[in-house]
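K.L.:
This is the structure I want to talk about, given as structure tokens.
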Amino acid sequence: MILGLQPIGEYVTGLAKSLYTRGFDLTANPLIETDSHGFLAVSVVAVIPSDSPQGATEISLRETWRPLPNQRWERHEYTYDLIDRPMNRRRAFHLHDRAAAEALLGAAVHEHCEETLGQPLCAHYLGRELPHGHVAIDLLMAAWTEPGVYGCAELICLG
Amino acid sequence: MAKRFYSPQEVAQLLDVSPTTVMSRIHVGALPAVRVSERIFRIPVPAFERFVATLPAPAITVEFREVDRVARLGEEIGAHADGLVTA
């Protein structure tokens, strides 16, 4: 995914609106950080408040974008997380540094799946690369509304 | 555990409209829904409540901030747990 700065801003706004229309409240304005090396970091965090003593459900969408020539950036890392405290479980889709991940796990992309929060049966599951954050929102919302178990045991464990 | 989502039939009952009307609102994107499978949709309760209240979406402002160094995601909490620290 390669975009200019303004389209990245529009993309981030779209992610935030998508979460809002699904009932989530933004905990802060969506954020784009820039540094002197030209990297961008994108962050959108939203919650559904809950009366549950365990706390709220939180979705966080974070991405880093590396600079390319001509004022364009390429999304090259992401972490899309659902922390479902009322249901005490977690689902996440991650792409970190490709080389490091492939060296450690044998795969660039991985997922997290915890039927019980903080007690994963496997630290990393094989994942598929997500083309953008809107797909992640759909997947995380499907996890949030899953009335049964996630089915973590059916995923392929990378270790 | 509080109810988390409605079926289109439940929403139709709550709004006193037909399920077809609900599905049409889902398909045009007016009523947010999760597609559980090809033919099964669920409407998150908070999204339904917001739809009913017809609250306009707030103006969303993206904040831009300059930092010394953008943190790579491998350095963040989840990645520490992963052992994928990639400074």
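Going by the structure tokens order, chains are called A, B, ..., each with residues numbered from 1, while ligands are numbered from 1 in the order shown.
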For chain A against chain B, with a cut-off of 8 Å and counting only C-alpha atoms, what is the closest atom pair and its distance in Å to one decimal for every residue that makes the cut, ordered by chain and number, as JSON lines?
P.N.:
```
{"residue": "A:Gly9", "atom": "CA", "partner": "B:Val62", "partner_atom": "CA", "distance": 6.7}
{"residue": "A:Val12", "atom": "CA", "partner": "B:Val62", "partner_atom": "CA", "distance": 7.4}
{"residue": "A:Thr13", "atom": "CA", "partner": "B:Ile60", "partner_atom": "CA", "distance": 6.5}
{"residue": "A:Ala16", "atom": "CA", "partner": "B:Ile60", "partner_atom": "CA", "distance": 7.5}
{"residue": "A:Lys17", "atom": "CA", "partner": "B:Ala57", "partner_atom": "CA", "distance": 7.5}
{"residue": "A:Tyr20", "atom": "CA", "partner": "B:Ala57", "partner_atom": "CA", "distance": 7.4}
{"residue": "A:Thr21", "atom": "CA", "partner": "B:Ala47", "partner_atom": "CA", "distance": 6.0}
{"residue": "A:Arg22", "atom": "CA", "partner": "B:Ala47", "partner_atom": "CA", "distance": 4.7}
{"residue": "A:Gly23", "atom": "CA", "partner": "B:Ala47", "partner_atom": "CA", "distance": 4.1}
{"residue": "A:Phe24", "atom": "CA", "partner": "B:Pro46", "partner_atom": "CA", "distance": 7.5}
{"residue": "A:Asn29", "atom": "CA", "partner": "B:Val62", "partner_atom": "CA", "distance": 5.9}
{"residue": "A:Pro30", "atom": "CA", "partner": "B:Val62", "partner_atom": "CA", "distance": 4.9}
{"residue": "A:Leu31", "atom": "CA", "partner": "B:Glu63", "partner_atom": "CA", "distance": 4.8}
{"residue": "A:Ile32", "atom": "CA", "partner": "B:Phe64", "partner_atom": "CA", "distance": 4.9}
{"residue": "A:Glu33", "atom": "CA", "partner": "B:Arg65", "partner_atom": "CA", "distance": 4.7}
{"residue": "A:Thr34", "atom": "CA", "partner": "B:Glu66", "partner_atom": "CA", "distance": 4.9}
{"residue": "A:Asp35", "atom": "CA", "partner": "B:Arg69", "partner_atom": "CA", "distance": 5.1}
{"residue": "A:Ser36", "atom": "CA", "partner": "B:Asp68", "partner_atom": "CA", "distance": 6.7}
{"residue": "A:His37", "atom": "CA", "partner": "B:Arg69", "partner_atom": "CA", "distance": 7.5}
{"residue": "A:Phe39", "atom": "CA", "partner": "B:Val70", "partner_atom": "CA", "distance": 6.3}
{"residue": "A:Leu40", "atom": "CA", "partner": "B:Val70", "partner_atom": "CA", "distance": 6.5}
{"residue": "A:Ala41", "atom": "CA", "partner": "B:Val70", "partner_atom": "CA", "distance": 6.1}
{"residue": "A:Ile48", "atom": "CA", "partner": "B:Pro46", "partner_atom": "CA", "distance": 8.0}
{"residue": "A:Arg62", "atom": "CA", "partner": "B:Leu73", "partner_atom": "CA", "distance": 7.7}
{"residue": "A:Glu63", "atom": "CA", "partner": "B:Leu73", "partner_atom": "CA", "distance": 7.3}
{"residue": "A:Thr64", "atom": "CA", "partner": "B:Arg72", "partner_atom": "CA", "distance": 6.7}
{"residue": "A:Glu77", "atom": "CA", "partner": "B:Leu73", "partner_atom": "CA", "distance": 6.7}
{"residue": "A:Tyr78", "atom": "CA", "partner": "B:Leu73", "partner_atom": "CA", "distance": 6.9}
{"residue": "A:Thr79", "atom": "CA", "partner": "B:Leu73", "partner_atom": "CA", "distance": 7.1}
{"residue": "A:Pro86", "atom": "CA", "partner": "B:Met1", "partner_atom": "CA", "distance": 7.9}
{"residue": "A:His96", "atom": "CA", "partner": "B:Gly74", "partner_atom": "CA", "distance": 5.7}
{"residue": "A:Asp97", "atom": "CA", "partner": "B:Thr86", "partner_atom": "CA", "distance": 6.6}
{"residue": "A:Ala100", "atom": "CA", "partner": "B:Leu84", "partner_atom": "CA", "distance": 6.8}
{"residue": "A:Ala101", "atom": "CA", "partner": "B:Leu84", "partner_atom": "CA", "distance": 6.6}
{"residue": "A:Leu104", "atom": "CA", "partner": "B:Leu84", "partner_atom": "CA", "distance": 7.7}
{"residue": "A:Ala123", "atom": "CA", "partner": "B:Asp82", "partner_atom": "CA", "distance": 6.9}
{"residue": "A:His124", "atom": "CA", "partner": "B:Asp82", "partner_atom": "CA", "distance": 7.5}
{"residue": "A:Asp138", "atom": "CA", "partner": "B:Val34", "partner_atom": "CA", "distance": 7.1}
{"residue": "A:Met141", "atom": "CA", "partner": "B:Val34", "partner_atom": "CA", "distance": 6.7}
{"residue": "A:Ala142", "atom": "CA", "partner": "B:Val34", "partner_atom": "CA", "distance": 6.2}
{"residue": "A:Thr145", "atom": "CA", "partner": "B:Arg4", "partner_atom": "CA", "distance": 6.6}
```
K.L.:
If you run DSSP on the backbone, which residues of stretch 68-119 of chain A are alpha helix (DSSP H), as number ranges by chain?
P.N.:
A: 98-105
K.L.:
Save out the residues we just selected, N, CA and C atoms, as an mmCIF file, in the first residue's frame.
P.N.:
```cif
data_model
loop_
_atom_site.group_PDB
_atom_site.id
_atom_site.type_symbol
_atom_site.label_atom_id
_atom_site.label_comp_id
_atom_site.auth_asym_id
_atom_site.auth_seq_id
_atom_site.Cartn_x
_atom_site.Cartn_y
_atom_site.Cartn_z
ATOM 1 N N ARG A 98 9.888 -7.572 8.525
ATOM 2 C CA ARG A 98 9.758 -8.843 7.794
ATOM 3 C C ARG A 98 10.942 -9.773 8.027
ATOM 4 N N ALA A 99 12.144 -9.216 7.937
ATOM 5 C CA ALA A 99 13.330 -10.070 8.050
ATOM 6 C C ALA A 99 13.417 -10.686 9.440
ATOM 7 N N ALA A 100 13.160 -9.865 10.455
ATOM 8 C CA ALA A 100 13.238 -10.382 11.821
ATOM 9 C C ALA A 100 12.174 -11.441 12.064
ATOM 10 N N ALA A 101 10.983 -11.172 11.575
ATOM 11 C CA ALA A 101 9.898 -12.125 11.795
ATOM 12 C C ALA A 101 10.159 -13.443 11.061
ATOM 13 N N GLU A 102 10.668 -13.323 9.845
ATOM 14 C CA GLU A 102 10.937 -14.556 9.100
ATOM 15 C C GLU A 102 12.065 -15.347 9.743
ATOM 16 N N ALA A 103 13.043 -14.631 10.291
ATOM 17 C CA ALA A 103 14.139 -15.336 10.955
ATOM 18 C C ALA A 103 13.666 -16.036 12.220
ATOM 19 N N LEU A 104 12.765 -15.368 12.945
ATOM 20 C CA LEU A 104 12.315 -15.924 14.223
ATOM 21 C C LEU A 104 11.196 -16.949 14.058
ATOM 22 N N LEU A 105 10.304 -16.670 13.149
ATOM 23 C CA LEU A 105 9.069 -17.464 13.072
ATOM 24 C C LEU A 105 8.923 -18.236 11.760
#
```
K.L.:
Please report the interatomic distance between atom CA of A:Glu129 and atom CA of A:Asp81 in Å with one decimal.
P.N.:
14.4 Å
K.L.:
What is the distance between atom CA of A:Glu74 and atom CA of A:Gly127, in Å to one decimal?
P.N.:
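One can read the atom CA of A:Glu74 to atom CA of A:Gly127 distance as 20.3 Å.
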K.L.:
What's the separation between atom CA of A:Ile137 and atom CA of A:Gly14, in Å to one decimal place?
P.N.:
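Taking atom CA of A:Ile137 and atom CA of A:Gly14, their separation equals 11.1 Å.
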K.L.:
Which residue, A:His132, A:Leu5, A:Leu117, A:Leu15, has the smallest gap to A:Asn70 when you use only C-alpha atoms?
P.N.:
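Looking only at the distances to A:Asn70, the closest residue turns out to be A:Leu5.
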K.L.:
Out of chain A, which residues get strand (DSSP E or B) from DSSP, as number ranges by chain?
P.N.:
A: 2-4, 25-26, 31-34, 40-48, 57-68, 72-84, 89-95, 109-114, 125-126, 157
K.L.:
Within 8 Å of stretch 7-14 of chain B, counting only C-alpha atoms, which residues qualify if same-chain residues fewer than 5 places away don't, as a PyMOL selection string?
P.N.:
chain B and resi 19+21-23+41-43
